[in-house]
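Data from run_8.cif: mmCIF, C-alpha atoms and all ligand atoms
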```
data_my_file
#
loop_
_atom_site.label_atom_id
_atom_site.label_comp_id
_atom_site.auth_asym_id
_atom_site.auth_seq_id
_atom_site.Cartn_x
_atom_site.Cartn_y
_atom_site.Cartn_z
CA MET A 165 35.68 2.72 -16.37
CA GLU A 166 37.72 4.02 -13.43
CA LEU A 167 40.21 6.81 -14.08
CA LYS A 168 43.18 4.56 -13.20
CA GLU A 169 42.05 1.86 -15.61
CA ALA A 170 41.45 4.48 -18.32
CA TYR A 171 45.02 5.77 -18.05
CA GLU A 172 46.37 2.17 -18.02
CA THR A 173 44.47 1.56 -21.28
CA ILE A 174 45.23 4.83 -23.03
CA CYS A 175 48.69 5.93 -21.86
CA THR A 176 50.55 2.67 -22.47
CA TYR A 177 53.65 4.70 -23.42
CA LEU A 178 54.01 6.15 -19.88
CA ASN A 179 55.99 4.29 -17.23
CA GLU A 180 54.42 3.38 -13.89
CA SER A 181 55.73 6.43 -12.08
CA GLU A 182 54.45 8.77 -14.82
CA LYS A 183 51.03 7.13 -14.79
CA ARG A 184 50.91 7.53 -11.00
CA LYS A 185 51.80 11.23 -11.27
CA LEU A 186 49.13 11.71 -13.94
CA LEU A 187 46.52 10.09 -11.76
CA GLU A 188 47.56 12.13 -8.72
CA SER A 189 47.52 15.38 -10.69
CA ASN A 190 43.96 14.63 -11.75
CA LEU A 191 42.83 13.93 -8.24
CA THR A 192 44.21 17.21 -6.91
CA GLY A 193 42.01 19.22 -9.31
CA ALA A 194 42.54 21.22 -12.41
CA PHE A 195 44.24 24.51 -12.98
CA LYS A 196 42.08 26.97 -14.78
CA GLY A 197 43.18 30.10 -16.52
CA GLY A 198 42.63 32.87 -18.97
CA VAL A 199 44.27 35.09 -21.53
CA VAL A 200 44.42 38.86 -20.95
CA LYS A 201 44.88 41.80 -23.27
CA PRO A 202 48.41 42.89 -22.30
CA ILE A 203 47.53 46.45 -21.23
CA TYR A 204 45.08 45.11 -18.65
CA LYS A 205 47.34 42.61 -16.85
CA ASP A 206 47.65 44.66 -13.65
CA LEU A 207 44.00 45.66 -13.60
CA VAL A 208 42.94 42.02 -13.86
CA LYS A 209 45.27 41.08 -10.99
CA GLN A 210 43.67 43.81 -8.83
CA HIS A 211 40.19 42.51 -9.59
CA LEU A 212 41.05 38.82 -9.31
CA PRO A 213 43.64 38.66 -6.50
CA TYR A 214 43.54 34.83 -6.54
CA ILE A 215 45.12 34.62 -10.01
CA ASP A 216 48.77 34.36 -10.90
CA TYR A 217 50.82 34.98 -14.01
CA PRO A 218 53.17 32.01 -13.53
CA PHE A 219 54.16 31.77 -17.18
CA LYS A 220 56.82 33.81 -18.89
CA ASP A 221 58.04 34.38 -22.45
CA GLU A 222 55.35 33.66 -25.02
CA MET A 223 52.74 32.96 -22.30
CA ASP A 224 53.19 36.11 -20.23
CA ASN A 225 49.58 37.24 -20.72
CA VAL A 226 48.14 33.92 -19.56
CA PHE A 227 46.90 33.64 -15.98
CA CYS A 228 46.21 30.64 -13.87
CA TYR A 229 44.28 29.76 -10.71
CA ARG A 230 43.23 26.66 -8.82
CA GLN A 231 39.71 25.49 -9.40
CA ASN A 232 37.67 27.02 -6.57
CA ASP A 233 34.48 28.95 -5.91
CA GLU A 234 35.73 32.10 -7.60
CA LYS A 235 33.80 33.05 -10.69
CA PRO A 236 36.01 35.20 -12.96
CA GLY A 237 33.37 34.78 -15.67
CA LEU A 238 30.99 36.93 -13.59
CA ASN A 239 33.24 39.98 -13.40
CA VAL A 240 32.69 43.33 -15.11
CA LEU A 241 36.10 43.06 -16.80
CA HIS A 242 35.13 39.72 -18.31
CA PHE A 243 31.92 41.27 -19.64
CA GLY A 244 33.99 44.12 -21.13
CA GLY A 245 36.22 41.71 -23.09
CA VAL A 246 39.37 42.33 -21.05
CA TYR A 247 40.10 38.61 -20.71
CA TYR A 248 38.92 35.24 -21.96
CA LEU A 249 38.83 32.19 -19.76
CA LEU A 250 40.53 29.08 -21.03
CA ASP A 251 42.78 26.27 -19.93
CA PRO A 252 46.46 27.40 -19.86
CA SER A 253 47.60 24.35 -21.86
CA SER A 254 45.13 25.31 -24.57
CA ALA A 255 46.67 28.81 -24.63
CA PHE A 256 50.11 27.20 -25.05
CA VAL A 257 49.25 25.89 -28.53
CA PRO A 258 48.69 29.05 -30.63
CA ASN A 259 51.82 30.55 -29.06
CA GLN A 260 54.04 27.96 -30.74
CA PHE A 261 54.29 29.38 -34.27
CA SER A 262 57.80 30.49 -35.22
CA LYS A 263 58.34 34.24 -34.93
CA ASN A 264 58.09 36.32 -38.08
CA ASP A 265 57.40 39.98 -38.73
CA LYS A 266 54.92 39.78 -41.57
CA THR A 267 51.15 40.14 -41.69
CA ASN A 268 50.06 36.52 -41.57
CA LEU A 269 46.91 35.03 -43.00
CA VAL A 270 45.85 32.45 -40.43
CA LEU A 271 43.20 29.74 -40.51
CA ASP A 272 41.76 28.15 -37.38
CA MET A 273 39.95 25.15 -38.88
CA CYS A 274 37.98 24.06 -35.78
CA ALA A 275 37.73 27.25 -33.79
CA ALA A 276 34.69 27.19 -31.46
CA PRO A 277 34.27 28.32 -28.76
CA GLY A 278 37.34 30.39 -29.61
CA GLY A 279 40.08 30.03 -26.99
CA LYS A 280 42.94 29.45 -29.39
CA THR A 281 41.73 32.01 -31.94
CA ILE A 282 41.38 34.66 -29.23
CA THR A 283 44.78 33.86 -27.69
CA TYR A 284 46.36 34.24 -31.12
CA ALA A 285 44.37 37.33 -32.18
CA ILE A 286 45.29 39.24 -29.01
CA LYS A 287 48.98 38.48 -29.53
CA HIS A 288 49.01 39.28 -33.26
CA PRO A 289 46.69 42.25 -33.80
CA ASN A 290 47.95 42.84 -37.35
CA ASP A 291 47.32 39.31 -38.62
CA LEU A 292 44.00 38.18 -40.07
CA ILE A 293 42.51 35.04 -38.57
CA ILE A 294 39.76 33.11 -40.27
CA ALA A 295 38.09 31.31 -37.39
CA ASN A 296 36.04 28.49 -38.82
CA GLU A 297 33.60 26.15 -37.11
CA ILE A 298 31.54 23.35 -38.65
CA SER A 299 28.58 23.55 -36.26
CA LEU A 300 26.30 26.59 -36.65
CA SER A 301 25.34 26.79 -32.97
CA ARG A 302 29.00 26.63 -31.95
CA ALA A 303 29.98 29.14 -34.69
CA ASN A 304 27.41 31.55 -33.27
CA GLU A 305 28.90 31.09 -29.80
CA LEU A 306 32.36 31.72 -31.29
CA ALA A 307 31.10 34.90 -33.00
CA LYS A 308 29.67 36.14 -29.69
CA ASN A 309 32.98 35.57 -27.95
CA ILE A 310 34.90 37.43 -30.66
CA GLU A 311 32.40 40.27 -30.42
CA ARG A 312 32.73 40.48 -26.63
CA MET A 313 36.52 40.56 -26.98
CA GLY A 314 36.22 43.33 -29.63
CA LEU A 315 38.67 41.67 -32.03
CA ALA A 316 38.43 43.18 -35.50
CA ASN A 317 41.18 40.94 -36.89
CA VAL A 318 38.99 37.80 -36.81
CA ILE A 319 36.51 36.67 -39.46
CA VAL A 320 34.13 33.94 -38.32
CA THR A 321 33.04 31.35 -40.89
CA CYS A 322 30.79 28.31 -40.56
CA MET A 323 31.85 25.51 -42.91
CA ASP A 324 32.95 21.94 -43.00
CA PRO A 325 36.70 22.59 -43.55
CA GLN A 326 36.58 20.06 -46.40
CA GLU A 327 34.29 22.51 -48.25
CA ILE A 328 36.93 25.25 -48.36
CA ASN A 329 37.52 25.44 -52.10
CA ASP A 330 40.77 24.98 -54.01
CA SER A 331 41.33 28.73 -54.50
CA PHE A 332 42.45 28.69 -50.86
CA ASN A 333 45.13 26.04 -51.48
CA SER A 334 48.66 27.20 -50.54
CA ILE A 335 47.37 30.51 -49.24
CA PHE A 336 47.61 30.32 -45.43
CA ASP A 337 50.80 31.28 -43.59
CA ARG A 338 49.63 29.60 -40.41
CA ILE A 339 47.02 26.98 -39.65
CA LEU A 340 45.63 25.89 -36.31
CA LEU A 341 44.01 22.47 -36.40
CA ASP A 342 42.61 21.79 -32.95
CA ALA A 343 40.83 18.64 -33.98
CA PRO A 344 37.67 17.08 -32.53
CA CYS A 345 38.86 14.22 -30.31
CA SER A 346 37.89 11.62 -27.73
CA GLY A 347 38.90 14.00 -24.94
CA SER A 348 40.98 11.92 -22.52
CA GLY A 349 42.98 15.04 -21.65
CA MET A 350 39.81 16.47 -20.14
CA PHE A 351 38.92 13.62 -17.78
CA CYS A 352 39.91 15.79 -14.85
CA LYS A 353 37.83 18.82 -15.78
CA GLU A 354 34.90 16.95 -17.33
CA PRO A 355 34.30 13.56 -15.68
CA LYS A 356 31.53 13.04 -18.27
CA MET A 357 34.28 12.62 -20.90
CA LEU A 358 35.44 9.56 -18.96
CA GLU A 359 31.91 8.09 -18.84
CA ASP A 360 31.51 8.61 -22.60
CA TRP A 361 34.99 7.41 -23.60
CA THR A 362 35.23 4.34 -25.87
CA TYR A 363 37.99 2.99 -28.07
CA ASP A 364 35.55 3.10 -30.95
CA LYS A 365 35.31 6.88 -30.51
CA VAL A 366 39.13 7.14 -30.62
CA ILE A 367 39.21 5.32 -33.97
CA LYS A 368 36.37 7.39 -35.44
CA CYS A 369 38.07 10.63 -34.37
CA SER A 370 41.38 9.44 -35.74
CA LEU A 371 39.86 9.02 -39.23
CA ILE A 372 38.38 12.54 -39.17
CA GLN A 373 41.65 13.97 -37.83
CA LYS A 374 43.68 12.45 -40.70
CA GLN A 375 41.28 13.93 -43.27
CA LEU A 376 41.42 17.32 -41.60
CA LEU A 377 45.22 17.29 -41.45
CA LYS A 378 45.44 16.36 -45.16
CA LYS A 379 43.21 19.33 -45.93
CA ALA A 380 45.35 21.61 -43.72
CA ILE A 381 48.46 20.57 -45.66
CA LYS A 382 46.76 21.52 -48.94
CA LEU A 383 45.69 24.91 -47.61
CA CYS A 384 49.09 25.75 -46.13
CA ALA A 385 51.51 27.95 -48.13
CA LEU A 386 55.12 27.00 -48.80
CA ASN A 387 57.13 27.71 -45.60
CA GLY A 388 53.84 28.03 -43.73
CA GLU A 389 53.26 26.26 -40.42
CA ILE A 390 50.54 24.02 -39.04
CA LEU A 391 49.92 23.39 -35.36
CA TYR A 392 47.99 20.16 -34.95
CA SER A 393 46.51 19.65 -31.49
CA THR A 394 44.08 17.47 -29.59
CA CYS A 395 43.09 17.09 -25.97
CA SER A 396 43.47 13.32 -26.27
CA TYR A 397 46.25 11.15 -24.81
CA SER A 398 45.59 8.38 -27.36
CA ASN A 399 48.48 7.77 -29.70
CA GLU A 400 45.94 6.95 -32.44
CA GLU A 401 44.76 10.59 -32.37
CA ASP A 402 48.16 12.16 -31.87
CA ASP A 403 51.44 10.84 -33.32
CA GLU A 404 49.67 8.22 -35.47
CA VAL A 405 47.67 10.95 -37.24
CA ILE A 406 50.91 12.77 -38.04
CA GLU A 407 52.65 9.59 -39.18
CA ALA A 408 49.76 8.61 -41.47
CA THR A 409 49.63 12.06 -43.05
CA LEU A 410 53.31 12.93 -43.39
CA ASP A 411 54.53 13.23 -46.96
CA GLU A 412 57.52 14.83 -48.66
CA SER A 413 55.88 18.25 -48.56
CA ILE A 414 56.00 18.39 -44.77
CA GLU A 415 58.66 18.45 -42.07
CA ILE A 416 58.23 18.18 -38.31
CA VAL A 417 59.50 21.20 -36.40
CA ASN A 418 60.70 21.00 -32.81
CA ILE A 419 58.74 23.11 -30.40
CA ASN A 420 61.31 25.34 -28.73
CA SER A 421 59.44 26.46 -25.69
CA SER A 422 60.88 27.35 -22.32
CA PHE A 423 58.19 25.13 -20.76
CA ASP A 424 58.65 21.47 -20.02
CA THR A 425 56.57 19.08 -22.07
CA TYR A 426 56.46 15.32 -22.53
CA LYS A 427 58.15 14.66 -25.89
CA THR A 428 56.65 12.10 -28.25
CA LYS A 429 57.96 10.97 -31.66
CA TYR A 430 56.30 13.86 -33.51
CA GLY A 431 54.98 16.19 -30.86
CA ASN A 432 54.60 17.17 -27.25
CA ILE A 433 52.06 16.41 -24.56
CA LEU A 434 51.29 18.86 -21.80
CA PHE A 435 50.37 16.50 -18.98
CA PRO A 436 48.91 18.20 -15.90
CA TYR A 437 51.79 16.85 -13.78
CA ILE A 438 54.26 18.78 -15.98
CA PHE A 439 52.32 21.92 -16.93
CA ASN A 440 49.62 23.82 -15.02
CA GLY A 441 46.63 22.91 -17.14
CA GLU A 442 44.61 20.13 -18.69
CA GLY A 443 46.16 17.63 -21.07
CA GLN A 444 46.98 18.75 -24.58
CA TYR A 445 48.93 17.21 -27.48
CA VAL A 446 50.57 19.49 -30.04
CA SER A 447 52.72 18.86 -33.08
CA LYS A 448 54.25 21.53 -35.30
CA LEU A 449 54.61 20.98 -39.05
CA ARG A 450 56.14 23.09 -41.79
CA LYS A 451 55.35 22.94 -45.50
CA ILE A 452 58.61 22.56 -47.37
CA LYS A 453 57.36 21.76 -50.88
CA GLY A 454 54.53 23.28 -52.85
CA ASP A 455 53.24 26.66 -53.92
CA LYS A 456 52.93 29.89 -52.10
CA ILE A 457 50.12 32.15 -53.24
CA ASP A 458 50.83 35.71 -52.14
CA ILE A 459 47.45 37.00 -51.14
CA ASN A 460 48.63 40.60 -51.50
CA LEU A 461 49.01 40.03 -55.23
CA LEU A 462 45.44 38.81 -55.69
CA LYS A 463 42.80 41.09 -57.19
CA SER A 464 40.91 43.17 -54.61
CA ASN A 465 37.23 42.44 -54.07
CA ASN A 466 34.65 45.11 -53.65
CA VAL A 467 33.69 45.10 -49.99
CA ASP A 468 32.16 48.61 -49.88
CA LYS A 469 28.92 47.38 -48.34
CA ILE A 470 30.67 45.43 -45.58
CA GLU A 471 33.12 48.27 -44.94
CA LYS A 472 30.24 50.64 -44.20
CA GLN A 473 28.96 48.32 -41.48
CA TYR A 474 32.06 46.72 -40.04
CA VAL A 475 35.63 47.45 -39.04
CA ILE A 476 37.40 44.89 -41.20
CA HIS A 477 40.96 43.73 -41.71
CA PRO A 478 42.44 44.98 -45.03
CA LEU A 479 43.28 41.41 -46.13
CA LEU A 480 39.57 40.55 -46.22
CA LYS A 481 39.44 42.39 -49.57
CA LYS A 482 41.96 39.96 -51.02
CA LEU A 483 40.30 36.69 -50.01
CA PRO A 484 39.04 34.43 -52.79
CA ALA A 485 35.27 33.85 -52.94
CA GLY A 486 33.57 30.89 -51.33
CA LEU A 487 33.79 31.36 -47.56
CA LYS A 488 30.54 31.17 -45.60
CA ILE A 489 31.17 34.24 -43.47
CA ILE A 490 28.92 34.84 -40.49
CA LYS A 491 30.95 37.69 -39.02
CA PRO A 492 33.37 39.72 -41.17
CA GLY A 493 34.69 41.99 -38.41
CA ILE A 494 33.37 44.22 -35.65
CA LYS A 495 30.13 46.12 -36.24
CA ILE A 496 30.59 49.86 -36.58
CA TYR A 497 28.52 52.08 -34.32
CA ASP A 498 25.18 52.79 -35.84
CA ASN A 499 22.62 54.50 -33.69
CA ARG A 500 19.81 52.37 -35.04
CA GLU A 501 21.55 49.12 -34.29
CA HIS A 502 23.73 49.08 -31.22
CA SER A 503 26.94 47.30 -32.00
CA LYS A 504 29.68 46.19 -29.69
CA ILE A 505 32.04 49.11 -29.14
CA ILE A 506 35.11 49.13 -31.28
CA TYR A 507 38.77 49.44 -30.49
CA ASP A 508 41.65 49.79 -32.86
CA ASN A 509 44.67 47.50 -32.49
CA ASP A 510 45.94 49.51 -29.52
CA TYR A 511 42.55 49.26 -27.80
CA LYS A 512 41.78 52.89 -28.51
CA PHE A 513 38.15 53.66 -29.11
CA LEU A 514 36.97 54.07 -32.64
CA CYS A 515 33.50 54.86 -31.46
CA PRO A 516 32.47 58.38 -32.42
CA ILE A 517 30.24 59.19 -29.43
CA LYS A 518 30.72 60.50 -25.89
CA LYS A 519 31.97 58.19 -23.12
CA VAL A 520 30.63 58.23 -19.58
CA GLU A 521 32.80 56.58 -16.93
CA ILE A 522 30.98 54.79 -14.07
CA THR A 523 32.05 52.98 -10.87
CA TYR A 524 32.34 49.21 -10.48
CA GLU A 525 29.08 49.09 -8.49
CA GLN A 526 27.27 51.09 -11.16
CA ALA A 527 28.81 48.87 -13.84
CA CYS A 528 27.39 45.78 -12.09
CA SER A 529 23.87 47.16 -12.11
CA PHE A 530 24.26 48.42 -15.71
CA ILE A 531 25.27 44.93 -16.85
CA LYS A 532 22.30 43.48 -15.00
CA GLY A 533 20.09 45.72 -17.13
CA SER A 534 19.34 48.62 -14.75
CA GLU A 535 19.50 52.37 -15.21
CA VAL A 536 22.53 54.17 -13.76
CA PHE A 537 22.04 57.27 -11.61
CA LEU A 538 24.62 60.05 -11.99
CA ASN A 539 25.67 62.96 -9.75
CA THR A 540 25.52 65.37 -12.67
CA ASN A 541 22.40 66.63 -14.38
CA TYR A 542 22.79 66.72 -18.16
CA SER A 543 20.63 69.11 -20.16
CA LYS A 544 21.19 67.31 -23.48
CA LYS A 545 19.67 63.90 -24.14
CA GLU A 546 22.24 61.85 -26.01
CA GLU A 547 23.49 58.37 -26.68
CA VAL A 548 26.75 57.49 -24.91
CA VAL A 549 29.23 54.67 -24.42
CA VAL A 550 29.26 53.53 -20.80
CA THR A 551 32.76 52.70 -19.56
CA TYR A 552 34.42 51.30 -16.46
CA LYS A 553 38.19 52.07 -16.27
CA ASP A 554 37.84 53.18 -19.87
CA ILE A 555 36.63 49.70 -20.86
CA PRO A 556 33.50 49.99 -22.97
CA LEU A 557 30.56 48.05 -21.54
CA GLY A 558 27.71 49.08 -23.81
CA TYR A 559 25.47 51.91 -24.88
CA GLY A 560 23.17 54.07 -22.84
CA ARG A 561 21.11 57.20 -23.31
CA ILE A 562 21.65 60.11 -20.95
CA VAL A 563 18.42 61.66 -19.75
CA SER A 564 18.98 64.37 -17.09
CA ASN A 565 20.74 62.59 -14.18
CA LYS A 566 20.52 59.00 -15.35
CA ILE A 567 21.75 56.69 -18.07
CA LYS A 568 18.98 54.62 -19.61
CA ASN A 569 20.22 51.15 -20.39
CA LEU A 570 20.53 50.34 -24.11
CA LEU A 571 22.25 46.96 -23.70
CA PRO A 572 20.47 44.31 -25.76
CA LYS A 573 18.45 42.19 -23.30
CA GLY A 574 20.27 39.07 -24.49
CA LEU A 575 23.53 40.53 -23.11
CA TYR A 576 22.24 41.17 -19.57
CA ALA A 577 24.27 39.23 -17.02
CA PRO A 578 22.02 38.94 -13.95
CA ASN A 579 24.64 36.97 -11.98
CA ILE A 580 27.46 39.51 -12.28
CA ARG A 581 29.29 39.82 -8.94
CA LEU A 582 30.10 42.89 -6.95
C1 LIG A 601 38.52 20.76 -29.70
S1 LIG A 601 37.17 21.63 -30.30
C2 LIG A 601 37.88 23.17 -30.78
C3 LIG A 601 38.20 24.06 -29.62
C4 LIG A 601 38.72 25.41 -30.08
N1 LIG A 601 39.88 25.29 -30.91
C5 LIG A 601 39.04 26.35 -28.93
O1 LIG A 601 40.23 26.60 -28.65
O2 LIG A 601 38.11 26.88 -28.31
C6 LIG A 601 36.92 20.86 -31.84
C7 LIG A 601 35.85 21.49 -32.74
O3 LIG A 601 35.77 20.69 -33.93
C8 LIG A 601 34.43 20.69 -34.39
N2 LIG A 601 34.20 19.48 -35.24
C9 LIG A 601 33.53 18.35 -34.94
N3 LIG A 601 33.54 17.51 -35.99
C10 LIG A 601 34.23 18.11 -36.98
C11 LIG A 601 34.58 17.74 -38.31
N4 LIG A 601 34.25 16.58 -38.82
N5 LIG A 601 35.29 18.63 -39.03
C12 LIG A 601 35.65 19.82 -38.52
N6 LIG A 601 35.35 20.21 -37.26
C13 LIG A 601 34.66 19.38 -36.51
C14 LIG A 601 33.60 20.70 -33.12
O4 LIG A 601 32.32 21.25 -33.36
C15 LIG A 601 34.45 21.52 -32.16
O5 LIG A 601 34.00 22.84 -32.09
#
```
The structure given in the file should be rewritten as structure tokens.
Amino acid sequence: MELKEAYETICTYLNESEKRKLLESNLTGAFKGGVVKPIYKDLVKQHLPYIDYPFKDEMDNVFCYRQNDEKPGLNVLHFGGVYYLLDPSSAFVPNQFSKNDKTNLVLDMCAAPGGKTITYAIKHPNDLIIANEISLSRANELAKNIERMGLANVIVTCMDPQEINDSFNSIFDRILLDAPCSGSGMFCKEPKMLEDWTYDKVIKCSLIQKQLLKKAIKLCALNGEILYSTCSYSNEEDDEVIEATLDESIEIVNINSSFDTYKTKYGNILFPYIFNGEGQYVSKLRKIKGDKIDINLLKSNNVDKIEKQYVIHPLLKKLPAGLKIIKPGIKIYDNREHSKIIYDNDYKFLCPIKKVEITYEQACSFIKGSEVFLNTNYSKKEEVVVTYKDIPLGYGRIVSNKIKNLLPKGLYAPNIRL
């Protein structure tokens, strides 16, 4: 199917001028973007002069650039977990929870590869996010991304969300449900999505989405919020899912953002002709009837063994049993098993060993797997954290005037750019 015909078929609710603008915005190419840890905004701009921070308010740590030959994924800062690349409209979604000042327990039901979890976790370092993914290979990819970003407030689980047991009902303050979908909002970025698109797929996704949203409503605490999103423009996967699932326990909440969106009956669509990004649908729901289980009042579990190996969020101790956890936090430094380096919530090192700062050029060769030569001769052989601009890149061992590379081979990035 041609793109024009696809939009005629799918976006029947748009008028002719809107459909034309949508088509034109697709032909001019996608905006790409990323989310940055706030303290590194200026540093990232220096390293990637082609980016912009065009968003304000809740999106002020999201950057944007036109699709081009630049490769921000091959930069030392990216390797060091300073930023995560994702579509700006995807970053919009987890920023739409209402403000509160408590420690929230958050569930991301379909979290891989991790863009929305990471956007949220950076913004809310005190909250605990359970980032769940049904597919093991994708959950492993998600865990790797969380590790690279050094986020100790995320637990990665690998489960079918329907398997989350009833002890978790009414427990979550916030739920992200970024459902699997037919992907029409990604036609621009991934032309393959257009080739593979069928109406049958829309209907199959719609059934799964309704089941997932029902489950989210059960898991959500009284006064808790759910953000339901897809990257589909099909009404069957967007407003119709909300309509079919709405009951007296739920109310729709208006999204009060300073950004323009296309308003639908129950949600908002970020079309690329309105917002610099790919297409995204999002609806915000609040639970107004039901229980609220205060997790702080639950009995504490013994997590001694995990605590010795990982930096964990205190709420992990309070979680009911039954989660299939593949990553409970960030691995603590252990000189037999080189972990990712750990920060606390203010990005201060928690790692107990010496740091050695190197230049950008040295950092590139370190990340490629080489030894780093130093101007100083050290008499003591010791294990160190190698840093660039104080950003931890990995472990090394100082031997006289060089740092032997202790990065796990699987982490080498041979294509990193100078
Ligand atoms: C749109 S993607 C999630 C993207 C993610 N939120 C992010 O921001 O990076 C949807 C995810 O749902 C998962 N999925 C597929 N079928 C599912 C099902 N039946 N139940 C739950 N998750 C499913 C997919 O493996 C995929 O990772």
Discussion item. I'd like the contact shell of Gln473 (chain A) - 8 Å cut-off, all atoms listed in the file, skipping same-chain residues fewer than 2 positions apart - returned as an MDAnalysis selection string.
Written reply: chainID A and resid 469:471 475 495:496
Worksheet item: Taking (59.3, 13.4, -51.2) in the file's coordinates as the center, which residues reach within 12 Å of it, counting all atoms listed in the file, put as a list in words?
Response: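 These residues have at least one counted atom within 12 Å: Leu410, Asp411, Glu412, Ser413, Ile414, Glu415, Lys451, Ile452, Lys453 and Gly454 of chain A.
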Item to complete: Within 8 Å of region 275-285 of chain A, counting all atoms listed in the file, which residues show up once you throw out same-chain ones fewer than 2 positions away? Write them as an MDAnalysis selection string, please.
Response: chainID A and resid 199 248:250 254:255 257:259 272:273 287:289 291:293 295:297 302:303 305:306 309:310 313 315 317:318 342
Discussion item. Need to verify the contact set: Asp216 (chain A), 8 Å, only C-alpha atoms, exclusion of same-chain residues closer than 4 positions in sequence. Can you return it as a PyMOL selection string?
Written reply: chain A and resi 209+227-229
Hey, can you spit out that residue selection with C-alpha atoms as a short mmCIF file (atom, residue, chain, number, x, y, z; two decimals), in the coordinates of the input?
```
data_model
loop_
_atom_site.label_atom_id
_atom_site.label_comp_id
_atom_site.auth_asym_id
_atom_site.auth_seq_id
_atom_site.Cartn_x
_atom_site.Cartn_y
_atom_site.Cartn_z
CA LYS A 209 45.27 41.08 -10.99
CA PHE A 227 46.90 33.64 -15.98
CA CYS A 228 46.21 30.64 -13.87
CA TYR A 229 44.28 29.76 -10.71
#
```
Worksheet item: Just how far from CA of Asp221 (chain A) is CA of Phe195 (chain A), in Å to one decimal?
Response: 19.4 Å
Worksheet item: Could you state the separation of CA of Ile522 (chain A) and CA of Glu234 (chain A) in Å, given to one decimal place?
Response: 24.1 Å
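Considering only C-alpha atoms, the residue among A:Ile381, A:Leu358, A:Ala194, A:Ile319 positioned nearest to Phe336 (chain A) is A:Ile381.
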Discussion item. Excluding Ile298 (chain A) and its own-chain neighbours fewer than 5 positions away, which residues fall within 8 Å of it when counting all atoms listed in the file? Please give them as an NGL selection string.
Written reply: :A and (274 or 303 or 322-325)
Worksheet item: Which of these residues is nearest to ligand LIG 601 (chain A), using all atoms listed in the file: A:Leu238, A:Val520, A:Leu186, A:Leu300?
Response: A:Leu300
Discussion item. Calculated over only C-alpha atoms, which of the candidates A:Met357, A:Ile367, A:Cys175, A:Leu449 has the smallest distance to Arg338 (chain A)?
Written reply: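 Smallest distance to Arg338 (chain A) is found for A:Leu449.
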Worksheet item: In Å, with one decimal, what is the gap from CA of Val563 (chain A) to CA of Gly314 (chain A)?
Response: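 According to the coordinates, CA of Val563 (chain A) and CA of Gly314 (chain A) are separated by 27.4 Å.
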Box in all listed atoms of ligand LIG 601 (chain A), axis-aligned, with 6 Å more on each side; write out centre and edge lengths in Å to one decimal as lines of an AutoDock Vina configuration file.
```
center_x = 36.3
center_y = 21.7
center_z = -33.7
size_x = 19.9
size_y = 22.3
size_z = 22.7
```
With N, CA, C and O atoms retained, output region 398-406 of chain A as a PDB file, in the first residue's frame.
```pdb
ATOM      1  N   SER A 398      -4.698   4.155  14.419  1.00  0.00           N
ATOM      2  CA  SER A 398      -6.006   3.504  14.237  1.00  0.00           C
ATOM      3  C   SER A 398      -6.873   3.702  15.466  1.00  0.00           C
ATOM      4  O   SER A 398      -6.465   3.359  16.583  1.00  0.00           O
ATOM      5  N   ASN A 399      -8.074   4.185  15.224  1.00  0.00           N
ATOM      6  CA  ASN A 399      -9.011   4.413  16.320  1.00  0.00           C
ATOM      7  C   ASN A 399      -9.269   3.127  17.108  1.00  0.00           C
ATOM      8  O   ASN A 399      -9.449   3.152  18.328  1.00  0.00           O
ATOM      9  N   GLU A 400      -9.240   1.988  16.405  1.00  0.00           N
ATOM     10  CA  GLU A 400      -9.500   0.690  17.050  1.00  0.00           C
ATOM     11  C   GLU A 400      -8.467   0.387  18.134  1.00  0.00           C
ATOM     12  O   GLU A 400      -8.717  -0.405  19.040  1.00  0.00           O
ATOM     13  N   GLU A 401      -7.271   0.979  18.025  1.00  0.00           N
ATOM     14  CA  GLU A 401      -6.209   0.703  19.005  1.00  0.00           C
ATOM     15  C   GLU A 401      -6.068   1.850  20.012  1.00  0.00           C
ATOM     16  O   GLU A 401      -5.300   1.743  20.959  1.00  0.00           O
ATOM     17  N   ASP A 402      -6.789   2.923  19.751  1.00  0.00           N
ATOM     18  CA  ASP A 402      -6.639   4.104  20.600  1.00  0.00           C
ATOM     19  C   ASP A 402      -7.937   4.351  21.381  1.00  0.00           C
ATOM     20  O   ASP A 402      -8.219   3.638  22.328  1.00  0.00           O
ATOM     21  N   ASP A 403      -8.744   5.315  20.941  1.00  0.00           N
ATOM     22  CA  ASP A 403      -9.969   5.629  21.694  1.00  0.00           C
ATOM     23  C   ASP A 403     -10.885   4.419  21.904  1.00  0.00           C
ATOM     24  O   ASP A 403     -11.517   4.288  22.951  1.00  0.00           O
ATOM     25  N   GLU A 404     -10.961   3.529  20.911  1.00  0.00           N
ATOM     26  CA  GLU A 404     -11.889   2.384  21.061  1.00  0.00           C
ATOM     27  C   GLU A 404     -11.446   1.448  22.187  1.00  0.00           C
ATOM     28  O   GLU A 404     -12.284   0.814  22.821  1.00  0.00           O
ATOM     29  N   VAL A 405     -10.145   1.353  22.419  1.00  0.00           N
ATOM     30  CA  VAL A 405      -9.650   0.516  23.529  1.00  0.00           C
ATOM     31  C   VAL A 405     -10.091   1.146  24.852  1.00  0.00           C
ATOM     32  O   VAL A 405     -10.565   0.470  25.766  1.00  0.00           O
ATOM     33  N   ILE A 406      -9.988   2.464  24.924  1.00  0.00           N
ATOM     34  CA  ILE A 406     -10.392   3.158  26.162  1.00  0.00           C
ATOM     35  C   ILE A 406     -11.896   2.976  26.361  1.00  0.00           C
ATOM     36  O   ILE A 406     -12.350   2.596  27.447  1.00  0.00           O
TER      37      ILE A 406
END
```
